[in-house]
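Participant: One structure, as structure tokens, below. Some questions next.
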Amino acid sequence: MARDWQPDFEQLVDEHQSMVFSLALRMTGDRGLAEEIAQDVFMELDRNLSRIESPLHALCWLRRVAMNRSSDALRRRKVRGMDLWVEMEEGHGARIEKNESRSALGLGVRLEHLLTTLPEPQRAALVLRYQEDLTQEEIAATLEAPLATVKSHLQRGLKLLRARATDQLKEFVRAKEQVRGL
Amino acid sequence: MDDFERDQFERDQFERELKQAFQRRPAPPSLKRKLMEQRGRQHTGRLRFRAVMWQRLAASVLLVAALGGGLAWRNREEQRKGEAAREQVLTALRITCHALDRVKIQLAEHDRGTQ
């Protein structure tokens, strides 16, 4: 049977590049790596373009591959012990910078930063839930995980993120009070 | 508002903040350009690879045909040589047979003369 819809690579890039990039960015917390992942994902789409049957299929396919590629990238980064030092230094630098301009930091950025401190499965579930607005069933299908596992990851992730956000807020208030006291 | 309601309210509020914070970020402007360039390179590479593969296939077909032709020619040549040798042997046998017949006739004439 002939298909009515013919995939157009450039159009698919235009429509979904921000989705793929944002998923990779929130999963890895690294802009450069996220851009690399987005490139890989779209190049794989190009190779599999003949198998894409509809715009919805393209969207789901891109989401699933972006999540898989991000997990692969994180796993590779864990294996490469050498990079750990670079990351620690970068993290330290960022922390200093953050302390200097903490008041300028928006809630969104703080939450995004806290998100990167969560375990990977919880982070994946939260990103798909709150960035992509997926239901628990859709998240389970995207991550190819049992529904109960996804529910548990969402619950725990949300709880952990909320606790960390509250801690950070308290720390921020305490620091501000200390500044006032001086 | 009791504790449970307050907790529920705070949780909903937090989820709303999360949704707001987790809006999609615009991709870097260079991403699309890089992708299209990479795609162009890969397509050119793929076309070149296909051309090379066809060339290799054609060369292989030619080689196989030449080898096959050579083998067939060699077989036919050997067969032809065999046939020629057989013909020569038959001719030699015919000549020998003819010579023997003549000797036989001469001997018979000689026997008749002596009687």
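Ordering of the structure tokens sets the chain letters (A, B, ...); residue numbers start at 1 within each chain; ligands are numbered from 1 in the order shown.
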Select from chain B every residue with an atom at most 12 Å from any atom of chain A, then for each give the shortest pair of atoms and their distance in Å to one decimal, using only C-alpha atoms, rows by chain and rising number, as JSON lines.

Facilitator:
{"residue": "B:Asp7", "atom": "CA", "partner": "A:Arg162", "partner_atom": "CA", "distance": 11.6}
{"residue": "B:Glu10", "atom": "CA", "partner": "A:Arg162", "partner_atom": "CA", "distance": 9.8}
{"residue": "B:Arg11", "atom": "CA", "partner": "A:Arg162", "partner_atom": "CA", "distance": 8.4}
{"residue": "B:Asp12", "atom": "CA", "partner": "A:Leu158", "partner_atom": "CA", "distance": 11.2}
{"residue": "B:Gln13", "atom": "CA", "partner": "A:Arg162", "partner_atom": "CA", "distance": 10.8}
{"residue": "B:Phe14", "atom": "CA", "partner": "A:Arg162", "partner_atom": "CA", "distance": 7.4}
{"residue": "B:Glu15", "atom": "CA", "partner": "A:Tyr130", "partner_atom": "CA", "distance": 8.0}
{"residue": "B:Arg16", "atom": "CA", "partner": "A:Tyr130", "partner_atom": "CA", "distance": 8.9}
{"residue": "B:Glu17", "atom": "CA", "partner": "A:Gly108", "partner_atom": "CA", "distance": 7.8}
{"residue": "B:Leu18", "atom": "CA", "partner": "A:Tyr130", "partner_atom": "CA", "distance": 6.4}
{"residue": "B:Lys19", "atom": "CA", "partner": "A:Tyr130", "partner_atom": "CA", "distance": 4.9}
{"residue": "B:Gln20", "atom": "CA", "partner": "A:Gly108", "partner_atom": "CA", "distance": 7.4}
{"residue": "B:Ala21", "atom": "CA", "partner": "A:Gly108", "partner_atom": "CA", "distance": 4.2}
{"residue": "B:Phe22", "atom": "CA", "partner": "A:Gln131", "partner_atom": "CA", "distance": 4.9}
{"residue": "B:Gln23", "atom": "CA", "partner": "A:Gln131", "partner_atom": "CA", "distance": 5.5}
{"residue": "B:Arg24", "atom": "CA", "partner": "A:Ser22", "partner_atom": "CA", "distance": 5.6}
{"residue": "B:Arg25", "atom": "CA", "partner": "A:Ser22", "partner_atom": "CA", "distance": 5.4}
{"residue": "B:Pro26", "atom": "CA", "partner": "A:Ser18", "partner_atom": "CA", "distance": 4.9}
{"residue": "B:Ala27", "atom": "CA", "partner": "A:Ser18", "partner_atom": "CA", "distance": 4.6}
{"residue": "B:Pro28", "atom": "CA", "partner": "A:Glu35", "partner_atom": "CA", "distance": 7.7}
{"residue": "B:Pro29", "atom": "CA", "partner": "A:Gln17", "partner_atom": "CA", "distance": 10.0}
{"residue": "B:Ser30", "atom": "CA", "partner": "A:Glu35", "partner_atom": "CA", "distance": 9.4}
{"residue": "B:Leu31", "atom": "CA", "partner": "A:Glu35", "partner_atom": "CA", "distance": 7.0}
{"residue": "B:Lys32", "atom": "CA", "partner": "A:Val13", "partner_atom": "CA", "distance": 7.0}
{"residue": "B:Arg33", "atom": "CA", "partner": "A:Glu10", "partner_atom": "CA", "distance": 10.3}
{"residue": "B:Lys34", "atom": "CA", "partner": "A:Gln39", "partner_atom": "CA", "distance": 8.0}
{"residue": "B:Leu35", "atom": "CA", "partner": "A:Gln39", "partner_atom": "CA", "distance": 6.2}
{"residue": "B:Met36", "atom": "CA", "partner": "A:Glu10", "partner_atom": "CA", "distance": 7.9}
{"residue": "B:Glu37", "atom": "CA", "partner": "A:Met43", "partner_atom": "CA", "distance": 10.9}
{"residue": "B:Gln38", "atom": "CA", "partner": "A:Met43", "partner_atom": "CA", "distance": 8.1}
{"residue": "B:Arg39", "atom": "CA", "partner": "A:Met43", "partner_atom": "CA", "distance": 7.0}
{"residue": "B:Gly40", "atom": "CA", "partner": "A:Met43", "partner_atom": "CA", "distance": 10.8}
{"residue": "B:Arg41", "atom": "CA", "partner": "A:Met43", "partner_atom": "CA", "distance": 11.3}
{"residue": "B:Gln42", "atom": "CA", "partner": "A:Met43", "partner_atom": "CA", "distance": 9.2}
{"residue": "B:His43", "atom": "CA", "partner": "A:Asp46", "partner_atom": "CA", "distance": 10.0}
{"residue": "B:Arg46", "atom": "CA", "partner": "A:Arg47", "partner_atom": "CA", "distance": 11.0}

Participant: Run DSSP on the backbone of this structure and report the residues of range 23-175 of chain A it assigns to alpha helix (DSSP H), as a PyMOL selection string.

Facilitator: chain A and resi 23-28+31-47+55-79+82-100+107-115+120-130+136-143+147-175

Participant: For Asp72 in chain A, which residue among A:Gln122, A:Thr149, A:Thr28, A:Gln6 is the nearest when counting only C-alpha atoms?

Facilitator: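 Nearest candidate to Asp72 in chain A out of A:Gln122, A:Thr149, A:Thr28, A:Gln6: A:Thr28.
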
Participant: Work out how far apart CA of Ile52 in chain A and CA of Ala66 in chain A are and give it in Å to one decimal.

Facilitator: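 Interatomic distance here is 15.6 Å.
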
Participant: Pick out the closest residue to Arg64 in chain A from this set: A:Ile37, A:Leu115, A:Leu143, A:Val150. Count only C-alpha atoms.

Facilitator: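 Selected residue with least distance to Arg64 in chain A: A:Leu143.
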
Participant: Using Å and a single decimal, report how far CA of Asp2 in chain B sits from CA of Arg164 in chain A.

Facilitator: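 CA of Asp2 in chain B lies 23.7 Å from CA of Arg164 in chain A.
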
Participant: Within 12 Å of His57 in chain A, counting only C-alpha atoms, which residues qualify if same-chain residues fewer than 4 places away don't, as a VMD selection string?

Facilitator: chain A and resid 5 7 12 45 48 to 53 61 to 65 142

Participant: Let's have the selection written as a PDB file, in the first residue's frame, with N, CA, C and O atoms.

Facilitator:
ATOM      1  N   TRP A   5       2.019  10.110   3.149  1.00  0.00           N
ATOM      2  CA  TRP A   5       2.993  11.024   3.735  1.00  0.00           C
ATOM      3  C   TRP A   5       4.416  10.608   3.346  1.00  0.00           C
ATOM      4  O   TRP A   5       4.801   9.458   3.514  1.00  0.00           O
ATOM      5  N   PRO A   7       8.341  11.505   4.151  1.00  0.00           N
ATOM      6  CA  PRO A   7       9.154  12.288   5.094  1.00  0.00           C
ATOM      7  C   PRO A   7      10.134  13.222   4.376  1.00  0.00           C
ATOM      8  O   PRO A   7      10.747  12.836   3.391  1.00  0.00           O
ATOM      9  N   LEU A  12      11.676  17.815   8.983  1.00  0.00           N
ATOM     10  CA  LEU A  12      11.722  17.106  10.275  1.00  0.00           C
ATOM     11  C   LEU A  12      12.760  17.740  11.204  1.00  0.00           C
ATOM     12  O   LEU A  12      12.541  17.846  12.403  1.00  0.00           O
ATOM     13  N   LEU A  45      18.300   9.252  11.679  1.00  0.00           N
ATOM     14  CA  LEU A  45      16.973   9.422  11.058  1.00  0.00           C
ATOM     15  C   LEU A  45      17.112   9.419   9.532  1.00  0.00           C
ATOM     16  O   LEU A  45      16.317   8.789   8.831  1.00  0.00           O
ATOM     17  N   ASN A  48      17.380   6.032   8.252  1.00  0.00           N
ATOM     18  CA  ASN A  48      16.167   5.225   8.396  1.00  0.00           C
ATOM     19  C   ASN A  48      14.915   5.919   7.870  1.00  0.00           C
ATOM     20  O   ASN A  48      13.804   5.538   8.217  1.00  0.00           O
ATOM     21  N   LEU A  49      15.103   6.938   7.069  1.00  0.00           N
ATOM     22  CA  LEU A  49      13.979   7.777   6.632  1.00  0.00           C
ATOM     23  C   LEU A  49      12.901   6.971   5.899  1.00  0.00           C
ATOM     24  O   LEU A  49      11.706   7.261   6.040  1.00  0.00           O
ATOM     25  N   SER A  50      13.328   5.952   5.166  1.00  0.00           N
ATOM     26  CA  SER A  50      12.345   5.177   4.386  1.00  0.00           C
ATOM     27  C   SER A  50      11.409   4.368   5.286  1.00  0.00           C
ATOM     28  O   SER A  50      10.337   3.952   4.855  1.00  0.00           O
ATOM     29  N   ARG A  51      11.835   4.156   6.536  1.00  0.00           N
ATOM     30  CA  ARG A  51      11.001   3.353   7.447  1.00  0.00           C
ATOM     31  C   ARG A  51      10.004   4.203   8.233  1.00  0.00           C
ATOM     32  O   ARG A  51       9.150   3.679   8.924  1.00  0.00           O
ATOM     33  N   ILE A  52      10.155   5.524   8.171  1.00  0.00           N
ATOM     34  CA  ILE A  52       9.259   6.405   8.937  1.00  0.00           C
ATOM     35  C   ILE A  52       7.922   6.517   8.207  1.00  0.00           C
ATOM     36  O   ILE A  52       7.882   6.872   7.030  1.00  0.00           O
ATOM     37  N   GLU A  53       6.847   6.198   8.940  1.00  0.00           N
ATOM     38  CA  GLU A  53       5.545   6.089   8.273  1.00  0.00           C
ATOM     39  C   GLU A  53       4.639   7.302   8.418  1.00  0.00           C
ATOM     40  O   GLU A  53       3.736   7.506   7.601  1.00  0.00           O
ATOM     41  N   TRP A  61       9.862   8.196  17.244  1.00  0.00           N
ATOM     42  CA  TRP A  61      11.168   7.607  16.898  1.00  0.00           C
ATOM     43  C   TRP A  61      12.293   8.513  17.367  1.00  0.00           C
ATOM     44  O   TRP A  61      13.259   8.050  17.985  1.00  0.00           O
ATOM     45  N   LEU A  62      12.171   9.809  17.095  1.00  0.00           N
ATOM     46  CA  LEU A  62      13.220  10.769  17.481  1.00  0.00           C
ATOM     47  C   LEU A  62      13.385  10.825  18.997  1.00  0.00           C
ATOM     48  O   LEU A  62      14.508  10.867  19.506  1.00  0.00           O
ATOM     49  N   ARG A  63      12.252  10.826  19.708  1.00  0.00           N
ATOM     50  CA  ARG A  63      12.295  10.873  21.168  1.00  0.00           C
ATOM     51  C   ARG A  63      13.035   9.656  21.719  1.00  0.00           C
ATOM     52  O   ARG A  63      13.913   9.776  22.573  1.00  0.00           O
ATOM     53  N   ARG A  64      12.651   8.478  21.212  1.00  0.00           N
ATOM     54  CA  ARG A  64      13.236   7.229  21.716  1.00  0.00           C
ATOM     55  C   ARG A  64      14.743   7.192  21.414  1.00  0.00           C
ATOM     56  O   ARG A  64      15.546   6.899  22.299  1.00  0.00           O
ATOM     57  N   VAL A  65      15.103   7.547  20.190  1.00  0.00           N
ATOM     58  CA  VAL A  65      16.523   7.481  19.809  1.00  0.00           C
ATOM     59  C   VAL A  65      17.331   8.539  20.579  1.00  0.00           C
ATOM     60  O   VAL A  65      18.455   8.274  21.008  1.00  0.00           O
ATOM     61  N   THR A 142       8.352   4.811  25.524  1.00  0.00           N
ATOM     62  CA  THR A 142       9.549   5.471  24.990  1.00  0.00           C
ATOM     63  C   THR A 142      10.821   4.864  25.578  1.00  0.00           C
ATOM     64  O   THR A 142      11.790   4.638  24.860  1.00  0.00           O
TER      65      THR A 142
END
